[in-house]
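For reference, the structure discussed in these notes is given below.
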Amino acid sequence: MSTSASHPDLQAIARQVMIERGFDPDFPPPVLAQAAELQKEANGNADWKGLRDLRDLLWSSIDNDTSKDLDQIEVSEQLSNGDVRVLIGIADVDAKVQQGSPIDQHARSETTTVYTGIRNFSMIPEVLSTGITSLNEDQDRSAVVIEFVVSASGELRSEDVYCALVRNKAQLTYSGVGSWLSGNVAAPDKVARSAELQAQLKIQDTIAQALRALRFQNGALNIDTVEVRPIFLSDKSIDVVKQERNRASELIEDFMIAANGVVARKLLNVSSIRRVVKTPERWDRIVALAAENGGSLPAEPDSKALNEFLMQRKNGDPGRFADLSLAVIKLMGPGQYVLERPGDPEQGHFGLAVQDYTHSTAPNRRFADMVTHRILKALIGQRQGNGVGRIFSPPYSDAELESIATNCTTKEDAARKVEREMNKRIAAVAMSTHVGQTFDAVVTGASPKGTFVRILKPLVEGMLVQGAKGLDVGDTLTVKLLRTNVQNGFIDFARE
């Protein structure tokens, strides 16, 4: 997407920011050559020998309206005892991208797809990520299937992982399905045409809500994160709006959390990459923030107590809950990828209140997930052979896994910075006509580098260049927009 003559070329800026943050935004010739060869092979007969054939099941996907890199599909079955069997099919990118190949090496370096709002910089060529490895509607695909049985109370009864042949019968969207599940609007056309699909989605919604409720009971944090997207008119960013969460996005989130837990437990006895969120170092500030909002937390980190406080605030002041959530997220710190070997102390995921967690559900856009699939498939291969003459041969050494985990964490942090910098530039365009106006705001960052605030409407973040003394994350205030600079992504506020 180009920009108008009055503003810089945001696509060119996005590419330059990618380079500055250590990414290679252009696929090298060997990567493009391999992608072209894979595209030719995709037009021939696929080799699916030995895969379970699950194409007859009523698989469907739910994702963002604009998503083209479909990583997961779902189907469920109500059992006679009241339990529900859930099957989640994950794109088997490894089936097309051989370990050590040019595409794999590039993905290992980049580690993630970066979404800038102007352009997506894909980890692997889009001929794969949105084509032959994407679980597109009405296309036969190989998948890693994560299967589990859930009770009506949200408890997992059994778990299994295997490879299968699948076919997405309905590509759906969060916006189309979410409001329908909440009873606010009529079903979208694809859903309305199929009573079986309607029943299927309602079963999934019911069991997802049970999974979520049990997680919260166990201390998982009920946090309302805020994501924004730009609105363009004639190639010019004119506004930045909140992307609303709904029942459909929660359904997928609940299923992915459960699936990642299943995979992590399958890998307990082998070295693997785990996704962890460590105990917050700034717990004292979280305690103080709770006190400022009428709550009380223990002196030592306690996710269950924190969640109880968050639930109280969500019920008591839902309009400000997103701001409180953002402050808690900032104080908890980002997640990390780490090597975990059999017998190592479990670091766990503080925000989810779980000890067993990895990333395995988005291999089209996260390299850590592709690595996890390779380890998982090597382990499945051993089990499928019933152990007779088969010895588990890990696809990566511990040293390789540790190096990959470190790079994935580093690049994820870099990707967040790229996306934040581009969001600021897009927002600077949208805010350029609001200089001199005042806004309600919340402090989102306070460090020697500066104090940052996010205004509530529109949802835009900038630096507080005047009046920052004494403020900390979570404080609320009124600010005045002083100036914007699109080229540098500067949005400067003063405390009123």
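Residue numbering restarts at 1 in every chain; chains get A, B, ... in the order shown in the structure tokens, and ligands count up from 1 in that same order.
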
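For Ser432 (chain A), the list of residues within 9 Å, based on only C-alpha atoms and with local chain neighbours fewer than 2 positions off taken out, reads A:Ala427, A:Ala428, A:Val429, A:Ala430, A:His434, A:Val435, A:Arg483, A:Thr484, A:Asn485, A:Val486, A:Ile491.
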
From region 295-482 of chain A, collect each residue whose DSSP state is alpha helix (DSSP H) and return the set as an mmCIF file with N, CA and C atoms, in the first residue's frame.
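Result file part_21.cif:
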data_model
loop_
_atom_site.group_PDB
_atom_site.id
_atom_site.type_symbol
_atom_site.label_atom_id
_atom_site.label_comp_id
_atom_site.auth_asym_id
_atom_site.auth_seq_id
_atom_site.Cartn_x
_atom_site.Cartn_y
_atom_site.Cartn_z
ATOM 1 N N SER A 303 -0.501 -15.784 41.225
ATOM 2 C CA SER A 303 -1.321 -15.553 40.035
ATOM 3 C C SER A 303 -2.810 -15.668 40.340
ATOM 4 N N LYS A 304 -3.179 -16.578 41.237
ATOM 5 C CA LYS A 304 -4.598 -16.744 41.556
ATOM 6 C C LYS A 304 -5.148 -15.510 42.257
ATOM 7 N N ALA A 305 -4.387 -14.959 43.211
ATOM 8 C CA ALA A 305 -4.827 -13.744 43.892
ATOM 9 C C ALA A 305 -4.909 -12.584 42.914
ATOM 10 N N LEU A 306 -3.943 -12.497 41.996
ATOM 11 C CA LEU A 306 -3.963 -11.433 40.996
ATOM 12 C C LEU A 306 -5.178 -11.563 40.099
ATOM 13 N N ASN A 307 -5.500 -12.799 39.697
ATOM 14 C CA ASN A 307 -6.662 -12.976 38.837
ATOM 15 C C ASN A 307 -7.959 -12.621 39.555
ATOM 16 N N GLU A 308 -8.071 -12.956 40.833
ATOM 17 C CA GLU A 308 -9.269 -12.603 41.589
ATOM 18 C C GLU A 308 -9.446 -11.090 41.641
ATOM 19 N N PHE A 309 -8.331 -10.369 41.832
ATOM 20 C CA PHE A 309 -8.395 -8.908 41.821
ATOM 21 C C PHE A 309 -8.826 -8.397 40.445
ATOM 22 N N LEU A 310 -8.224 -8.972 39.361
ATOM 23 C CA LEU A 310 -8.579 -8.541 38.008
ATOM 24 C C LEU A 310 -10.051 -8.795 37.708
ATOM 25 N N MET A 311 -10.563 -9.937 38.149
ATOM 26 C CA MET A 311 -11.975 -10.242 37.925
ATOM 27 C C MET A 311 -12.869 -9.229 38.640
ATOM 28 N N GLN A 312 -12.489 -8.851 39.859
ATOM 29 C CA GLN A 312 -13.264 -7.851 40.605
ATOM 30 C C GLN A 312 -13.284 -6.515 39.872
ATOM 31 N N ARG A 313 -12.117 -6.111 39.344
ATOM 32 C CA ARG A 313 -12.057 -4.842 38.638
ATOM 33 C C ARG A 313 -12.798 -4.898 37.311
ATOM 34 N N LYS A 314 -12.763 -6.054 36.648
ATOM 35 C CA LYS A 314 -13.484 -6.182 35.381
ATOM 36 C C LYS A 314 -14.978 -6.020 35.604
ATOM 37 N N ASN A 315 -15.472 -6.608 36.691
ATOM 38 C CA ASN A 315 -16.898 -6.487 37.006
ATOM 39 C C ASN A 315 -17.244 -5.098 37.522
ATOM 40 N N GLY A 316 -16.301 -4.496 38.281
ATOM 41 C CA GLY A 316 -16.586 -3.207 38.900
ATOM 42 C C GLY A 316 -16.403 -2.019 37.979
ATOM 43 N N PHE A 321 -10.962 -1.534 32.334
ATOM 44 C CA PHE A 321 -10.270 -2.804 32.557
ATOM 45 C C PHE A 321 -9.131 -3.023 31.565
ATOM 46 N N ALA A 322 -9.305 -2.601 30.316
ATOM 47 C CA ALA A 322 -8.247 -2.783 29.320
ATOM 48 C C ALA A 322 -6.987 -2.028 29.720
ATOM 49 N N ASP A 323 -7.150 -0.850 30.318
ATOM 50 C CA ASP A 323 -5.995 -0.069 30.745
ATOM 51 C C ASP A 323 -5.268 -0.755 31.904
ATOM 52 N N LEU A 324 -6.047 -1.279 32.848
ATOM 53 C CA LEU A 324 -5.454 -2.012 33.965
ATOM 54 C C LEU A 324 -4.740 -3.263 33.459
ATOM 55 N N SER A 325 -5.362 -3.965 32.525
ATOM 56 C CA SER A 325 -4.749 -5.160 31.946
ATOM 57 C C SER A 325 -3.419 -4.833 31.284
ATOM 58 N N LEU A 326 -3.400 -3.734 30.517
ATOM 59 C CA LEU A 326 -2.177 -3.333 29.832
ATOM 60 C C LEU A 326 -1.063 -3.060 30.832
ATOM 61 N N ALA A 327 -1.397 -2.390 31.926
ATOM 62 C CA ALA A 327 -0.395 -2.088 32.946
ATOM 63 C C ALA A 327 0.163 -3.379 33.554
ATOM 64 N N VAL A 328 -0.712 -4.339 33.854
ATOM 65 C CA VAL A 328 -0.267 -5.609 34.434
ATOM 66 C C VAL A 328 0.625 -6.361 33.453
ATOM 67 N N ILE A 329 0.250 -6.383 32.169
ATOM 68 C CA ILE A 329 1.060 -7.055 31.148
ATOM 69 C C ILE A 329 2.455 -6.445 31.083
ATOM 70 N N LYS A 330 2.521 -5.118 31.092
ATOM 71 C CA LYS A 330 3.812 -4.440 31.025
ATOM 72 C C LYS A 330 4.675 -4.804 32.231
ATOM 73 N N LEU A 331 4.060 -4.893 33.403
ATOM 74 C CA LEU A 331 4.802 -5.173 34.624
ATOM 75 C C LEU A 331 5.192 -6.648 34.727
ATOM 76 N N MET A 332 4.421 -7.533 34.101
ATOM 77 C CA MET A 332 4.776 -8.954 34.098
ATOM 78 C C MET A 332 5.990 -9.230 33.226
ATOM 79 N N PHE A 367 8.854 -19.982 13.920
ATOM 80 C CA PHE A 367 9.804 -21.072 13.728
ATOM 81 C C PHE A 367 9.828 -22.017 14.919
ATOM 82 N N ALA A 368 9.633 -21.495 16.124
ATOM 83 C CA ALA A 368 9.620 -22.355 17.310
ATOM 84 C C ALA A 368 8.585 -23.460 17.170
ATOM 85 N N ASP A 369 7.446 -23.158 16.555
ATOM 86 C CA ASP A 369 6.392 -24.144 16.364
ATOM 87 C C ASP A 369 6.824 -25.227 15.377
ATOM 88 N N MET A 370 7.554 -24.834 14.335
ATOM 89 C CA MET A 370 8.031 -25.811 13.369
ATOM 90 C C MET A 370 9.040 -26.756 14.025
ATOM 91 N N VAL A 371 9.912 -26.197 14.868
ATOM 92 C CA VAL A 371 10.877 -27.013 15.601
ATOM 93 C C VAL A 371 10.155 -27.998 16.507
ATOM 94 N N THR A 372 9.145 -27.508 17.213
ATOM 95 C CA THR A 372 8.361 -28.376 18.104
ATOM 96 C C THR A 372 7.713 -29.510 17.320
ATOM 97 N N HIS A 373 7.193 -29.219 16.133
ATOM 98 C CA HIS A 373 6.585 -30.256 15.295
ATOM 99 C C HIS A 373 7.603 -31.327 14.916
ATOM 100 N N ARG A 374 8.816 -30.898 14.604
ATOM 101 C CA ARG A 374 9.839 -31.877 14.202
ATOM 102 C C ARG A 374 10.184 -32.814 15.353
ATOM 103 N N ILE A 375 10.315 -32.255 16.540
ATOM 104 C CA ILE A 375 10.590 -33.097 17.707
ATOM 105 C C ILE A 375 9.415 -34.030 17.959
ATOM 106 N N LEU A 376 8.219 -33.482 17.870
ATOM 107 C CA LEU A 376 6.999 -34.255 18.114
ATOM 108 C C LEU A 376 6.861 -35.393 17.098
ATOM 109 N N LYS A 377 7.096 -35.100 15.834
ATOM 110 C CA LYS A 377 6.958 -36.119 14.795
ATOM 111 C C LYS A 377 8.014 -37.207 14.932
ATOM 112 N N ALA A 378 9.215 -36.829 15.375
ATOM 113 C CA ALA A 378 10.246 -37.841 15.621
ATOM 114 C C ALA A 378 9.812 -38.766 16.743
ATOM 115 N N LEU A 379 9.161 -38.191 17.746
ATOM 116 C CA LEU A 379 8.678 -38.986 18.871
ATOM 117 C C LEU A 379 7.501 -39.854 18.460
ATOM 118 N N ILE A 380 6.599 -39.302 17.671
ATOM 119 C CA ILE A 380 5.453 -40.073 17.172
ATOM 120 C C ILE A 380 5.926 -41.230 16.313
ATOM 121 N N GLY A 381 6.940 -40.998 15.509
ATOM 122 C CA GLY A 381 7.476 -42.055 14.664
ATOM 123 C C GLY A 381 7.975 -43.219 15.487
ATOM 124 N N GLN A 382 8.606 -42.917 16.623
ATOM 125 C CA GLN A 382 9.068 -43.963 17.522
ATOM 126 C C GLN A 382 7.876 -44.751 18.063
ATOM 127 N N ARG A 383 6.819 -44.035 18.450
ATOM 128 C CA ARG A 383 5.667 -44.717 19.041
ATOM 129 C C ARG A 383 4.897 -45.519 18.004
ATOM 130 N N GLN A 384 4.814 -44.952 16.791
ATOM 131 C CA GLN A 384 4.091 -45.677 15.754
ATOM 132 C C GLN A 384 4.770 -47.001 15.428
ATOM 133 N N ASP A 398 20.707 -30.388 22.121
ATOM 134 C CA ASP A 398 20.344 -29.419 23.159
ATOM 135 C C ASP A 398 20.963 -28.058 22.872
ATOM 136 N N ALA A 399 22.197 -28.057 22.387
ATOM 137 C CA ALA A 399 22.864 -26.790 22.074
ATOM 138 C C ALA A 399 22.133 -26.046 20.960
ATOM 139 N N GLU A 400 21.656 -26.789 19.949
ATOM 140 C CA GLU A 400 20.889 -26.159 18.867
ATOM 141 C C GLU A 400 19.581 -25.593 19.394
ATOM 142 N N LEU A 401 18.879 -26.360 20.224
ATOM 143 C CA LEU A 401 17.602 -25.898 20.769
ATOM 144 C C LEU A 401 17.796 -24.646 21.611
ATOM 145 N N GLU A 402 18.851 -24.611 22.389
ATOM 146 C CA GLU A 402 19.105 -23.434 23.222
ATOM 147 C C GLU A 402 19.387 -22.210 22.355
ATOM 148 N N SER A 403 20.163 -22.410 21.292
ATOM 149 C CA SER A 403 20.462 -21.311 20.375
ATOM 150 C C SER A 403 19.201 -20.833 19.660
ATOM 151 N N ILE A 404 18.367 -21.785 19.212
ATOM 152 C CA ILE A 404 17.116 -21.432 18.531
ATOM 153 C C ILE A 404 16.188 -20.686 19.482
ATOM 154 N N ALA A 405 16.065 -21.162 20.717
ATOM 155 C CA ALA A 405 15.187 -20.515 21.694
ATOM 156 C C ALA A 405 15.624 -19.080 21.953
ATOM 157 N N THR A 406 16.922 -18.882 22.107
ATOM 158 C CA THR A 406 17.448 -17.533 22.351
ATOM 159 C C THR A 406 17.158 -16.615 21.179
ATOM 160 N N ASN A 407 17.386 -17.123 19.954
ATOM 161 C CA ASN A 407 17.137 -16.309 18.768
ATOM 162 C C ASN A 407 15.654 -16.010 18.594
ATOM 163 N N CYS A 408 14.794 -16.983 18.890
ATOM 164 C CA CYS A 408 13.355 -16.755 18.791
ATOM 165 C C CYS A 408 12.901 -15.664 19.762
ATOM 166 N N THR A 409 13.440 -15.671 20.971
ATOM 167 C CA THR A 409 13.099 -14.636 21.947
ATOM 168 C C THR A 409 13.589 -13.272 21.472
ATOM 169 N N THR A 410 14.837 -13.233 20.981
ATOM 170 C CA THR A 410 15.413 -11.975 20.503
ATOM 171 C C THR A 410 14.623 -11.408 19.339
ATOM 172 N N LYS A 411 14.297 -12.270 18.368
ATOM 173 C CA LYS A 411 13.585 -11.796 17.179
ATOM 174 C C LYS A 411 12.126 -11.452 17.504
ATOM 175 N N GLU A 412 11.521 -12.153 18.434
ATOM 176 C CA GLU A 412 10.154 -11.798 18.833
ATOM 177 C C GLU A 412 10.139 -10.398 19.438
ATOM 178 N N ASP A 413 11.132 -10.111 20.272
ATOM 179 C CA ASP A 413 11.239 -8.767 20.848
ATOM 180 C C ASP A 413 11.459 -7.739 19.753
ATOM 181 N N ALA A 414 12.309 -8.077 18.783
ATOM 182 C CA ALA A 414 12.569 -7.163 17.664
ATOM 183 C C ALA A 414 11.307 -6.954 16.829
ATOM 184 N N ALA A 415 10.528 -8.019 16.624
ATOM 185 C CA ALA A 415 9.287 -7.916 15.850
ATOM 186 C C ALA A 415 8.294 -7.000 16.546
ATOM 187 N N ARG A 416 8.199 -7.120 17.876
ATOM 188 C CA ARG A 416 7.316 -6.221 18.627
ATOM 189 C C ARG A 416 7.726 -4.766 18.420
ATOM 190 N N LYS A 417 9.050 -4.530 18.401
ATOM 191 C CA LYS A 417 9.534 -3.165 18.221
ATOM 192 C C LYS A 417 9.239 -2.653 16.815
ATOM 193 N N VAL A 418 9.405 -3.522 15.804
ATOM 194 C CA VAL A 418 9.059 -3.129 14.433
ATOM 195 C C VAL A 418 7.583 -2.763 14.355
ATOM 196 N N GLU A 419 6.741 -3.636 14.882
ATOM 197 C CA GLU A 419 5.300 -3.409 14.812
ATOM 198 C C GLU A 419 4.917 -2.153 15.584
ATOM 199 N N ARG A 420 5.559 -1.945 16.750
ATOM 200 C CA ARG A 420 5.252 -0.742 17.535
ATOM 201 C C ARG A 420 5.695 0.523 16.801
ATOM 202 N N GLU A 421 6.899 0.465 16.182
ATOM 203 C CA GLU A 421 7.383 1.631 15.460
ATOM 204 C C GLU A 421 6.491 1.961 14.267
ATOM 205 N N MET A 422 6.022 0.925 13.561
ATOM 206 C CA MET A 422 5.150 1.175 12.413
ATOM 207 C C MET A 422 3.767 1.613 12.866
ATOM 208 N N ASN A 423 3.275 1.054 13.973
ATOM 209 C CA ASN A 423 1.993 1.518 14.509
ATOM 210 C C ASN A 423 2.063 3.000 14.839
ATOM 211 N N LYS A 424 3.215 3.429 15.369
ATOM 212 C CA LYS A 424 3.375 4.850 15.705
ATOM 213 C C LYS A 424 3.338 5.720 14.461
ATOM 214 N N ARG A 425 3.977 5.245 13.388
ATOM 215 C CA ARG A 425 3.978 6.034 12.151
ATOM 216 C C ARG A 425 2.575 6.101 11.553
ATOM 217 N N ILE A 426 1.894 4.961 11.550
ATOM 218 C CA ILE A 426 0.517 4.953 11.044
ATOM 219 C C ILE A 426 -0.360 5.851 11.902
ATOM 220 N N ALA A 427 -0.172 5.739 13.232
ATOM 221 C CA ALA A 427 -0.955 6.575 14.144
ATOM 222 C C ALA A 427 -0.613 8.048 13.985
ATOM 223 N N ALA A 428 0.673 8.341 13.707
ATOM 224 C CA ALA A 428 1.076 9.732 13.524
ATOM 225 C C ALA A 428 0.345 10.365 12.353
ATOM 226 N N VAL A 429 0.135 9.576 11.292
ATOM 227 C CA VAL A 429 -0.649 10.081 10.161
ATOM 228 C C VAL A 429 -2.076 10.375 10.610
ATOM 229 N N ALA A 430 -2.661 9.416 11.327
ATOM 230 C CA ALA A 430 -4.049 9.579 11.768
ATOM 231 C C ALA A 430 -4.205 10.733 12.756
ATOM 232 N N MET A 431 -3.156 10.980 13.590
ATOM 233 C CA MET A 431 -3.258 12.003 14.639
ATOM 234 C C MET A 431 -2.813 13.386 14.185
#

Discussion item. Need to verify the contact set: region 76-93 of chain A, 6 Å, only C-alpha atoms, exclusion of same-chain residues closer than 3 positions in sequence. Can you return it as number ranges by chain?
Written reply: A: 71-73, 96, 133, 142-152, 361

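Between CA of Val443 (chain A) and CA of Asp472 (chain A) there is a distance of 6.4 Å.
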
Worksheet entry | Trp48 (chain A) surroundings by only C-alpha atoms, 8 Å radius, close-in-sequence under 2 positions cut, as an MDAnalysis selection string | chainID A and resid 46 50:51 142 165

Please produce a file of those selected residues containing C-alpha atoms, as a PDB file, in the first residue's frame.
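Written output follows (part10.pdb):
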ATOM      1  CA  ALA A  46       0.920 -35.576  -2.982  1.00  0.00           C
ATOM      2  CA  GLY A  50       0.464 -43.698   6.129  1.00  0.00           C
ATOM      3  CA  LEU A  51      -1.646 -40.695   7.178  1.00  0.00           C
ATOM      4  CA  SER A 142      -1.485 -32.916   5.826  1.00  0.00           C
ATOM      5  CA  LEU A 165      -4.990 -35.865   6.114  1.00  0.00           C
TER       6      LEU A 165
END

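The smallest atom-to-atom distance between Ala258 (chain A) and any of A:Arg274, A:His359, A:Lys469, A:Arg108, using only C-alpha atoms, is found for A:His359.
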
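When only C-alpha atoms are used to measure the gap to Pro125 (chain A), the shortest distance among A:Gly333, A:Gly295, A:Pro301, A:Pro102 belongs to A:Pro102.
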
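The gap separating CA of Val338 (chain A) from CA of Thr130 (chain A) is 28.5 Å, in Å to one decimal.
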
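Distance check against Arg167 (chain A) using only C-alpha atoms: of A:Ala446, A:Leu135, A:Leu201, A:Val17, the minimum falls on A:Leu135.
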
So that I can see what lies close to Pro29 (chain A), please list as a PDB file with C-alpha atoms, in the first residue's frame the residues with an atom at most 12 Å from it, counting only C-alpha atoms and leaving out residues fewer than 5 positions away in the same chain.
ATOM      1  CA  GLN A  34      12.995 -23.786  -3.422  1.00  0.00           C
ATOM      2  CA  ALA A  35       9.557 -22.176  -3.090  1.00  0.00           C
ATOM      3  CA  ALA A  36       9.068 -22.324  -6.875  1.00  0.00           C
ATOM      4  CA  PRO A 102      17.158 -22.805   2.225  1.00  0.00           C
ATOM      5  CA  ILE A 103      13.609 -21.970   3.390  1.00  0.00           C
ATOM      6  CA  HIS A 106      15.910 -18.436   6.404  1.00  0.00           C
ATOM      7  CA  PRO A 125       7.426 -17.473   1.242  1.00  0.00           C
TER       8      PRO A 125
END

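The two atoms in question, CA of Asn364 (chain A) and CA of Val114 (chain A), are spaced 11.9 Å apart.
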
Worksheet item: With only C-alpha atoms as the atoms that count, which of A:Gln487, A:Asn64, A:Ser129, A:Gln204 lies nearest to Asp254 (chain A)?
Response: A:Gln204

Discussion item. Could you list, as a PyMOL selection string, every residue within 8 Å of Lys457 (chain A), counting only C-alpha atoms and ignoring same-chain residues fewer than 2 positions away?
Written reply: chain A and resi 439-440+455+459-460

Worksheet entry | Residue nearest Ala12 (chain A) - candidates A:Gly450, A:Thr116, A:Gln437, A:Gly100, atoms counted: only C-alpha atoms | A:Thr116

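Neighbours of Ile62 (chain A) closer than or equal to 9 Å, with only C-alpha atoms counted and sequence neighbours fewer than 6 positions away skipped, come out as Leu70, Gln72, Ile73, Glu74, Ala170, Gln171, Leu172, Thr173, Tyr174, Val177, Ala248, Ser249 and Ile252 of chain A.
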
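When only C-alpha atoms are used to compute distances to Gly462 (chain A), the closest of the residues A:Asp26, A:Asp492, A:Glu292, A:Glu159 turns out to be A:Asp492.
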
Discussion item. I need the residues of region 299-484 of chain A that end up classed as strand (DSSP E) by DSSP on the backbone, written out as a PyMOL selection string.
Written reply: chain A and resi 336-340+438-447+450-455+460-466+476-484
